[in-house]
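Shown next: model_27.cif, containing mmCIF, C-alpha atoms (C1' of nucleotides).
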```
data_coords
#
loop_
_atom_site.group_PDB
_atom_site.id
_atom_site.type_symbol
_atom_site.label_atom_id
_atom_site.label_comp_id
_atom_site.auth_asym_id
_atom_site.auth_seq_id
_atom_site.Cartn_x
_atom_site.Cartn_y
_atom_site.Cartn_z
ATOM 1 C CA MET G 179 6.587 16.126 -4.483
ATOM 2 C CA THR G 180 6.914 13.534 -7.099
ATOM 3 C CA SER G 181 10.444 13.343 -8.305
ATOM 4 C CA LYS G 182 11.859 10.330 -10.091
ATOM 5 C CA ARG G 183 14.203 9.960 -7.178
ATOM 6 C CA ASP G 184 11.279 9.497 -4.813
ATOM 7 C CA GLN G 185 9.943 6.755 -7.034
ATOM 8 C CA GLN G 186 13.297 5.008 -7.096
ATOM 9 C CA THR G 187 13.435 5.178 -3.316
ATOM 10 C CA VAL G 188 10.108 3.398 -3.098
ATOM 11 C CA TYR G 189 11.182 0.804 -5.629
ATOM 12 C CA GLN G 190 14.355 0.206 -3.669
ATOM 13 C CA THR G 191 12.447 -0.208 -0.444
ATOM 14 C CA VAL G 192 10.151 -2.800 -1.982
ATOM 15 C CA LYS G 193 13.124 -4.675 -3.359
ATOM 16 C CA ARG G 194 14.564 -4.827 0.139
ATOM 17 C CA ILE G 195 11.636 -6.824 1.503
ATOM 18 C CA PRO G 196 13.093 -10.287 2.132
ATOM 19 C CA PRO G 197 11.312 -13.411 0.848
ATOM 20 C CA GLY G 198 8.822 -14.923 3.253
ATOM 21 C CA CYS G 199 8.004 -11.513 4.714
ATOM 22 C CA VAL G 200 5.458 -8.817 3.927
ATOM 23 C CA ALA G 201 5.257 -5.080 4.406
ATOM 24 C CA THR G 202 2.313 -2.712 4.502
ATOM 25 C CA TYR G 203 1.837 0.157 2.092
ATOM 26 C CA GLY G 204 2.197 2.604 4.935
ATOM 27 C CA GLN G 205 5.370 0.912 6.068
ATOM 28 C CA VAL G 206 6.903 1.124 2.603
ATOM 29 C CA ALA G 207 5.930 4.771 2.371
ATOM 30 C CA ASP G 208 7.459 5.413 5.761
ATOM 31 C CA LEU G 209 10.737 3.666 4.972
ATOM 32 C CA SER G 210 10.855 5.534 1.679
ATOM 33 C CA ASN G 211 10.878 8.819 3.528
ATOM 34 C CA ALA G 212 7.366 9.544 2.301
ATOM 35 C CA PRO G 213 5.075 9.395 5.338
ATOM 36 C CA GLY G 214 1.381 9.729 4.648
ATOM 37 C CA ARG G 215 1.704 8.598 1.058
ATOM 38 C CA ALA G 216 0.558 4.991 1.354
ATOM 39 C CA ARG G 217 -1.946 5.456 -1.462
ATOM 40 C CA TRP G 218 0.757 6.864 -3.649
ATOM 41 C CA VAL G 219 2.814 3.701 -3.061
ATOM 42 C CA GLY G 220 -0.127 1.689 -4.287
ATOM 43 C CA TYR G 221 -0.321 3.874 -7.360
ATOM 44 C CA LEU G 222 3.370 3.351 -8.071
ATOM 45 C CA LEU G 223 3.112 -0.403 -7.767
ATOM 46 C CA ARG G 224 0.198 -0.397 -10.170
ATOM 47 C CA GLN G 225 2.239 1.657 -12.612
ATOM 48 C CA SER G 226 5.525 -0.177 -12.052
ATOM 49 C CA PRO G 227 6.905 -1.738 -15.220
ATOM 50 C CA PRO G 228 7.683 -5.486 -15.153
ATOM 51 C CA GLU G 229 11.331 -4.771 -15.948
ATOM 52 C CA GLU G 230 11.705 -3.319 -12.479
ATOM 53 C CA LYS G 231 11.082 -6.833 -11.185
ATOM 54 C CA LEU G 232 9.559 -5.586 -7.969
ATOM 55 C CA PRO G 233 8.309 -8.117 -5.402
ATOM 56 C CA TRP G 234 4.999 -6.257 -5.346
ATOM 57 C CA HIS G 235 3.235 -9.293 -3.937
ATOM 58 C CA ARG G 236 5.013 -8.772 -0.603
ATOM 59 C CA VAL G 237 3.118 -5.535 -0.074
ATOM 60 C CA VAL G 238 -0.268 -5.813 1.618
ATOM 61 C CA ASN G 239 -2.573 -3.438 3.449
ATOM 62 C CA ALA G 240 -2.425 -2.668 7.170
ATOM 63 C CA LYS G 241 -4.882 -5.429 8.055
ATOM 64 C CA GLY G 242 -2.654 -8.094 6.553
ATOM 65 C CA ARG G 243 -5.113 -8.586 3.739
ATOM 66 C CA ILE G 244 -4.537 -8.507 0.006
ATOM 67 C CA SER G 245 -5.905 -5.320 -1.468
ATOM 68 C CA PHE G 246 -7.543 -6.960 -4.466
ATOM 69 C CA PRO G 247 -11.102 -8.266 -4.481
ATOM 70 C CA GLU G 248 -11.154 -11.895 -3.464
ATOM 71 C CA GLY G 249 -11.497 -14.187 -6.436
ATOM 72 C CA SER G 250 -9.863 -11.766 -8.835
ATOM 73 C CA GLU G 251 -6.936 -12.821 -10.971
ATOM 74 C CA LYS G 252 -4.466 -10.550 -9.202
ATOM 75 C CA HIS G 253 -5.611 -11.630 -5.759
ATOM 76 C CA THR G 254 -5.160 -15.295 -6.530
ATOM 77 C CA MET G 255 -1.748 -14.755 -8.066
ATOM 78 C CA GLN G 256 -0.467 -12.654 -5.185
ATOM 79 C CA ARG G 257 -1.650 -15.154 -2.626
ATOM 80 C CA ARG G 258 -0.053 -18.035 -4.492
ATOM 81 C CA LEU G 259 3.296 -16.233 -4.763
ATOM 82 C CA LEU G 260 3.298 -15.489 -1.047
ATOM 83 C CA GLU G 261 2.383 -19.013 -0.054
ATOM 84 C CA GLU G 262 5.228 -20.303 -2.181
ATOM 85 C CA GLU G 263 7.558 -18.215 -0.037
ATOM 86 C CA GLY G 264 6.139 -19.665 3.151
ATOM 87 C CA VAL G 265 3.667 -16.957 4.109
ATOM 88 C CA VAL G 266 0.611 -18.478 5.744
ATOM 89 C CA PHE G 267 -2.940 -17.212 5.292
ATOM 90 C CA THR G 268 -5.441 -17.857 8.059
ATOM 91 C CA GLN G 269 -8.989 -16.956 7.137
ATOM 92 C CA GLY G 270 -7.599 -15.068 4.158
ATOM 93 C CA VAL G 271 -5.497 -12.900 6.429
ATOM 94 C CA ILE G 272 -1.761 -12.811 7.037
ATOM 95 C CA ASP G 273 -0.609 -12.679 10.651
ATOM 96 C CA LEU G 274 1.452 -9.521 10.548
ATOM 97 C CA LYS G 275 2.850 -10.246 13.998
ATOM 98 C CA GLN G 276 4.577 -13.201 12.452
ATOM 99 C CA PHE G 277 5.320 -12.205 8.875
ATOM 100 C CA GLN G 278 5.644 -8.435 8.779
ATOM 101 C CA TRP G 279 9.104 -7.309 7.719
ATOM 102 C CA ILE G 280 11.046 -5.639 10.490
ATOM 103 C CA PHE G 281 13.540 -3.225 9.057
ATOM 104 C CA SER G 282 17.093 -3.680 10.253
ATOM 105 C CA LEU G 283 20.263 -1.871 9.315
ATOM 106 C CA PRO G 284 22.218 -5.095 8.671
ATOM 107 C CA ASP G 285 19.567 -6.173 6.207
ATOM 108 C CA TRP G 286 19.800 -2.830 4.490
ATOM 109 C CA LEU G 287 23.608 -2.885 4.327
ATOM 110 C CA PHE G 288 24.304 -6.521 3.637
ATOM 111 C CA GLY G 289 21.124 -7.652 1.990
ATOM 112 C CA PRO G 290 20.891 -8.660 -1.650
ATOM 113 C CA PRO G 291 21.664 -5.828 -4.058
ATOM 114 C CA PRO G 292 18.523 -3.937 -4.990
ATOM 115 C CA GLU G 293 19.678 -3.333 -8.556
ATOM 116 C "C1'" DG K 11 -7.864 25.386 -10.699
ATOM 117 C "C1'" DG K 12 -11.759 22.067 -9.162
ATOM 118 C "C1'" DG K 13 -13.510 17.491 -8.599
ATOM 119 C "C1'" DC K 14 -13.212 12.541 -8.701
ATOM 120 C "C1'" DT K 15 -10.491 8.206 -7.907
ATOM 121 C "C1'" DG K 16 -7.644 4.910 -5.548
ATOM 122 C "C1'" DA K 17 -3.218 -2.037 -4.782
ATOM 123 C "C1'" DC K 18 -4.377 3.215 2.059
ATOM 124 C "C1'" DC K 19 -4.766 4.238 7.362
ATOM 125 C "C1'" DT K 20 -6.761 5.324 11.880
ATOM 126 C "C1'" DA K 21 -10.285 5.916 15.011
ATOM 127 C "C1'" DC K 22 -14.652 5.310 16.380
ATOM 128 C "C1'" DT K 23 -19.034 2.895 16.712
ATOM 129 C "C1'" DC S 267 -14.308 -8.217 16.048
ATOM 130 C "C1'" DA S 268 -16.873 -6.257 11.813
ATOM 131 C "C1'" DG S 269 -18.515 -2.114 9.635
ATOM 132 C "C1'" DT S 270 -18.395 2.904 8.954
ATOM 133 C "C1'" DA S 271 -16.539 7.690 8.546
ATOM 134 C "C1'" DG S 272 -13.226 10.764 7.881
ATOM 135 C "C1'" DG S 273 -8.620 11.967 6.640
ATOM 136 C "C1'" DC S 274 -4.856 11.662 3.366
ATOM 137 C "C1'" DC S 275 -2.075 12.687 -0.827
ATOM 138 C "C1'" DA S 276 -0.720 12.174 -5.710
ATOM 139 C "C1'" DG S 277 -2.684 11.532 -10.553
ATOM 140 C "C1'" DC S 278 -5.736 12.237 -14.010
ATOM 141 C "C1'" DC S 279 -9.485 14.355 -16.501
#
```
Can you present the structure in this file as structure tokens?
Amino acid sequence: MTSKRDQQTVYQTVKRIPPGCVATYGQVADLSNAPGRARWVGYLLRQSPPEEKLPWHRVVNAKGRISFPEGSEKHTMQRRLLEEEGVVFTQGVIDLKQFQWIFSLPDWLFGPPPE
DNA sequence: GGGCTGACCTACT
DNA sequence: CAGTAGGCCAGCC
């Protein structure tokens, strides 16, 4: 299903990713109570209006790689934004072991307000 | 309704 | 570890 509420849930999840961390598309889909819809998450981020102010750059694919072709405008921008937050790229790949966001209830409850 | 596309994922070579 | 194949699901002709 594709209700507006589902979209908002995904947006909220992305907003909950703390700076200096990354999450995978599948992970976002999972946390948004939408398992198996990783591609749909990607679609939403592509469609997301700037006024939502989503930290879309903190979302990468399961291999820890940016999902844009290397050398493209978007790729370069995303990488720069992440590096500014302290995320380190080694051979163009993020070490998910080190930087992947681990969901925790305290973060969810006491983290920065999503709206 | 049918067929193609994609900011994906997993498993298997 | 790199490359491939198949599966997946929502959107858009």
Per-residue nearest contacts of stretch 181-223 of chain G to stretch 268-277 of chain S (9 Å; all atoms listed in the file) as a Markdown table:
```
| residue | atom | partner | partner_atom | distance |
| --- | --- | --- | --- | --- |
| G:Gly214 | CA | S:DC274 | C1' | 6.7 |
| G:Arg215 | CA | S:DC275 | C1' | 5.9 |
| G:Ala216 | CA | S:DC275 | C1' | 8.4 |
| G:Arg217 | CA | S:DC275 | C1' | 7.3 |
| G:Trp218 | CA | S:DA276 | C1' | 5.9 |
| G:Tyr221 | CA | S:DA276 | C1' | 8.5 |
```
Inset, instruction - Determine the residue membership of the PyMOL selection byres ((chain K and resi 14) around 12) for the file above and supply it as a VMD selection string. - result: (chain K and resid 12 to 13 15 to 16) or (chain S and resid 277 to 279)
Legend entry - Contacts of G:Arg224 at 12 Å (all atoms listed in the file; same-chain gap of 5+ positions) as a list in words: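 Neighbouring residues, sequence-local ones excluded: Tyr189, Arg217, Trp218, Val219, Leu232, Trp234, His235, Val237, Ser245, Phe246 and Lys252 of chain G; DG16 and DA17 of chain K.
The smallest atom-to-atom distance between chain K and any of G:Leu260, G:Ile244, G:Met255, G:Val206, using only C-alpha atoms (C1' of nucleotides), is found for G:Ile244.
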Inset, instruction - Could you jot down the atom CA of G:Ser282 to atom CA of G:Phe267 separation for me, Å, one decimal place? - result: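 The value is 24.7 Å.
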Applied to the shown file, which residues does the PyMOL selection byres ((chain G and resi 196) around 10) return, written as a compact mmCIF listing (two decimals) with C-alpha atoms, in the coordinates of the input?
```
# COMPACT_ATOMS: atom_id res chain seq x y z
CA VAL G 192 10.15 -2.80 -1.98
CA LYS G 193 13.12 -4.68 -3.36
CA ARG G 194 14.56 -4.83 0.14
CA ILE G 195 11.64 -6.82 1.50
CA PRO G 197 11.31 -13.41 0.85
CA GLY G 198 8.82 -14.92 3.25
CA CYS G 199 8.00 -11.51 4.71
CA VAL G 200 5.46 -8.82 3.93
CA ALA G 201 5.26 -5.08 4.41
CA PRO G 233 8.31 -8.12 -5.40
CA ARG G 236 5.01 -8.77 -0.60
CA GLU G 263 7.56 -18.22 -0.04
CA TRP G 279 9.10 -7.31 7.72
CA ILE G 280 11.05 -5.64 10.49
CA PHE G 281 13.54 -3.22 9.06
CA ASP G 285 19.57 -6.17 6.21
CA GLY G 289 21.12 -7.65 1.99
CA PRO G 290 20.89 -8.66 -1.65
```
Inset, instruction - Provide the atom CA of G:Glu251 to atom CA of G:Tyr203 distance in Å, to one decimal place. - result: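 So the answer is 20.4 Å.
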Legend entry - Which residue of G:Arg183, G:Gln225, G:Arg257, G:Glu248 approaches chain S most closely, using only C-alpha atoms (C1' of nucleotides): G:Gln225
Inset, instruction - Go through G:Pro227, G:Gly220, G:Asn239, G:Lys182 one by one, measure the shortest atom-to-atom distance of each to K:DC19 using only C-alpha atoms (C1' of nucleotides), and give the residue with the smallest value. - result: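 Comparing G:Pro227, G:Gly220, G:Asn239, G:Lys182 against K:DC19, the winner is G:Asn239.
You can rank G:Gly204, G:Gly249, G:Pro228, G:Gly270 by their closest distance to chain S using all atoms listed in the file, and at the top of that list sits G:Gly204.
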